[in-house]
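Structure record follows, encoded as structure tokens.
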Amino acid sequence: MNKDKLTILSKEARIHILNQVYNAKSGHLGGAFSAIDIMIYLYFMKMNYSKENMNSPERDRFILSKGHASAALYSCLAMKGIIPIDELKTFRRINSRLQGHPSRKLLPGVETSTGSLGQGLSFANGVCLGLSLDSINAKVYTIIGDGEMNEGQIWEALMTAAKHKLSNLRVILDYNHLQIDGQIENIKDPNPTKKKFEEMGFFVIEINGHDFNEIDAAFKKADEIKDKPVFIIAHTIKGKGVSFMENNYEWHGKPPKDDEYKIALKELENE
């Protein structure tokens, strides 16, 4: 699959995300839009994962630690044929399988329930250890948010991954610099990120998280690393794809009004 095809899939996914949040009148657009390009690459180009092998021990795993970006995950699962596309209309509805945060009990394709920030990465560590113990050559990909890095559990999990040299782990930081309260550097500044993670014991790669050439090169490089976990710092734009949402923390977790929805949909369709 080439870059142009991935770009088309990402635009389709953004429309699904927008429609889910608009129809539900609730949800998180900003962080879903910033992470979706990497998720599309993983689901449609990188991971050994499909409707046919989704229950196989040999499959690769994706864990959305920043579970509030669930609309992005549901879009990927629907586009992969894991769940019906029409089910996206039930997002955040009562009795829907598509809850505001992903539920492993309710929905196939969700590796673990997330939403309590910080826990997804710890779960990913456990999966990596289990795969190694069973001599299964599969990878675990987990996206964490930069606001999520405020959680102490993230740092405990990072130290654990480094200590056990989990070379089958890929941690991707969705580094859009904004969280619900504003700019992360004004709340709890994680910088210098690359130096910190290298000194912890990770192989660190920095990329533009919206450039499929850089994304592809990063994950290919990660596969060459055999003795330590890989941390990918993906520089992204919160609200990417809709002009008035980009780099605006106010779009962290609110739905668009009718006029805003029409403008956003037009921008995405025109692209």
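Every chain in the structure tokens has a letter given in the order shown (A, B, ...), and although residue numbers restart at 1 in each chain, ligands are simply numbered from 1 in the order shown.
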
Which of segment 75-223 of chain A DSSP labels helix (DSSP H, G or I), written as a PDB file with C-alpha atoms, in the first residue's frame:
ATOM      1  CA  SER A  75     -13.020   3.986  12.722  1.00  0.00           C
ATOM      2  CA  CYS A  76     -10.021   1.713  12.120  1.00  0.00           C
ATOM      3  CA  LEU A  77     -11.881  -1.384  13.305  1.00  0.00           C
ATOM      4  CA  ALA A  78     -14.834  -0.574  11.061  1.00  0.00           C
ATOM      5  CA  MET A  79     -12.648   0.122   8.034  1.00  0.00           C
ATOM      6  CA  ILE A  85     -19.449   0.595   9.399  1.00  0.00           C
ATOM      7  CA  ASP A  86     -23.073   1.348  10.278  1.00  0.00           C
ATOM      8  CA  GLU A  87     -22.332   0.607  13.933  1.00  0.00           C
ATOM      9  CA  LEU A  88     -20.301   3.839  14.089  1.00  0.00           C
ATOM     10  CA  LYS A  89     -23.660   5.633  14.249  1.00  0.00           C
ATOM     11  CA  THR A  90     -24.155   4.168  17.736  1.00  0.00           C
ATOM     12  CA  GLN A 119      -2.873   2.012  32.312  1.00  0.00           C
ATOM     13  CA  GLY A 120      -2.697   1.035  28.650  1.00  0.00           C
ATOM     14  CA  LEU A 121       1.090   1.123  28.576  1.00  0.00           C
ATOM     15  CA  SER A 122       1.319  -1.086  31.660  1.00  0.00           C
ATOM     16  CA  PHE A 123      -0.982  -3.591  29.998  1.00  0.00           C
ATOM     17  CA  ALA A 124       1.153  -3.475  26.856  1.00  0.00           C
ATOM     18  CA  ASN A 125       4.206  -4.359  28.951  1.00  0.00           C
ATOM     19  CA  GLY A 126       2.432  -7.417  30.299  1.00  0.00           C
ATOM     20  CA  VAL A 127       1.442  -8.554  26.825  1.00  0.00           C
ATOM     21  CA  CYS A 128       5.033  -8.139  25.635  1.00  0.00           C
ATOM     22  CA  LEU A 129       6.346 -10.230  28.510  1.00  0.00           C
ATOM     23  CA  GLY A 130       3.748 -12.915  27.870  1.00  0.00           C
ATOM     24  CA  LEU A 131       4.567 -13.100  24.175  1.00  0.00           C
ATOM     25  CA  SER A 132       8.270 -13.443  24.972  1.00  0.00           C
ATOM     26  CA  LEU A 133       7.630 -16.208  27.497  1.00  0.00           C
ATOM     27  CA  GLU A 148      -1.276  11.318  29.611  1.00  0.00           C
ATOM     28  CA  MET A 149       2.377  11.646  30.559  1.00  0.00           C
ATOM     29  CA  ASN A 150       1.205  13.629  33.588  1.00  0.00           C
ATOM     30  CA  GLY A 152       2.913   8.631  37.289  1.00  0.00           C
ATOM     31  CA  GLN A 153       1.961   5.196  36.043  1.00  0.00           C
ATOM     32  CA  ILE A 154       3.307   6.078  32.599  1.00  0.00           C
ATOM     33  CA  TRP A 155       6.786   6.593  34.044  1.00  0.00           C
ATOM     34  CA  GLU A 156       6.611   3.381  36.078  1.00  0.00           C
ATOM     35  CA  ALA A 157       5.608   1.522  32.913  1.00  0.00           C
ATOM     36  CA  LEU A 158       8.411   3.092  30.901  1.00  0.00           C
ATOM     37  CA  MET A 159      10.985   2.077  33.517  1.00  0.00           C
ATOM     38  CA  THR A 160       9.552  -1.445  33.540  1.00  0.00           C
ATOM     39  CA  ALA A 161       9.746  -1.728  29.743  1.00  0.00           C
ATOM     40  CA  ALA A 162      13.367  -0.563  29.776  1.00  0.00           C
ATOM     41  CA  LYS A 163      14.345  -2.848  32.655  1.00  0.00           C
ATOM     42  CA  ILE A 184       1.436  20.803  28.092  1.00  0.00           C
ATOM     43  CA  GLU A 185       4.609  22.837  28.618  1.00  0.00           C
ATOM     44  CA  ASN A 186       2.602  25.171  30.875  1.00  0.00           C
ATOM     45  CA  THR A 193      11.752  14.031  25.832  1.00  0.00           C
ATOM     46  CA  LYS A 194      14.269  12.369  23.505  1.00  0.00           C
ATOM     47  CA  LYS A 195      17.122  12.588  26.005  1.00  0.00           C
ATOM     48  CA  LYS A 196      14.975  11.322  28.868  1.00  0.00           C
ATOM     49  CA  PHE A 197      13.784   8.242  27.027  1.00  0.00           C
ATOM     50  CA  GLU A 198      17.215   7.413  25.665  1.00  0.00           C
ATOM     51  CA  GLU A 199      18.700   7.582  29.151  1.00  0.00           C
ATOM     52  CA  MET A 200      15.907   5.343  30.423  1.00  0.00           C
ATOM     53  CA  PHE A 212       3.626   8.584   5.938  1.00  0.00           C
ATOM     54  CA  ASN A 213       7.155   8.408   4.558  1.00  0.00           C
ATOM     55  CA  GLU A 214       8.613   9.293   7.961  1.00  0.00           C
ATOM     56  CA  ILE A 215       6.155   7.001   9.750  1.00  0.00           C
ATOM     57  CA  ASP A 216       7.086   4.074   7.519  1.00  0.00           C
ATOM     58  CA  ALA A 217      10.826   4.690   7.877  1.00  0.00           C
ATOM     59  CA  ALA A 218      10.506   4.873  11.666  1.00  0.00           C
ATOM     60  CA  PHE A 219       8.729   1.561  12.055  1.00  0.00           C
ATOM     61  CA  LYS A 220      11.090  -0.153   9.636  1.00  0.00           C
ATOM     62  CA  LYS A 221      14.005   1.146  11.693  1.00  0.00           C
ATOM     63  CA  ALA A 222      12.297  -0.059  14.861  1.00  0.00           C
TER      64      ALA A 222
END

Distance query Ser70 of chain A at most 12 Å, only C-alpha atoms, self and fewer than 6 positions along chain excluded, as number ranges by chain: A: 16-18, 20-21, 26-33, 35-36, 39, 63-64, 76-77, 88, 91-92, 97-103, 107, 110, 113-115, 143, 253

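Checking A:Thr112, A:Met1, A:His235, A:Lys139 one by one against Glu58 of chain A, counting only C-alpha atoms, you find the shortest gap at A:Lys139.
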
Shell around Glu271 of chain A at 10 Å using only C-alpha atoms, local window under 3 positions removed, as a VMD selection string: chain A and resid 7 to 8 11 241 265 to 268

Expected answer as a PyMOL selection string: strand (DSSP E) residues in segment 4-99 of chain A: chain A and resi 61-64

Best match for closeness to Ala264 of chain A among A:Asp211, A:Glu250, A:Lys240, A:Leu42, counting only C-alpha atoms: A:Lys240

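Shortest separation to Ser56 of chain A among A:Ile136, A:Ile263, A:Ala234, A:Ile207 occurs at residue A:Ile136, atoms counted being only C-alpha atoms.
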
Residue contacts of Lys51 of chain A (8 Å, only C-alpha atoms) excluding same-chain residues fewer than 3 positions away, as number ranges by chain: A: 54, 80-82

For the residues selected in the previous step, produce a file with C-alpha atoms as a PDB file, in the first residue's frame.
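The resulting file, part28.pdb, is shown below:
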ATOM      1  CA  MET A  54      -7.700 -11.243  15.168  1.00  0.00           C
ATOM      2  CA  LYS A  80     -10.829  -3.190   8.634  1.00  0.00           C
ATOM      3  CA  GLY A  81     -14.165  -5.019   8.665  1.00  0.00           C
ATOM      4  CA  ILE A  82     -13.910  -6.027  12.327  1.00  0.00           C
TER       5      ILE A  82
END
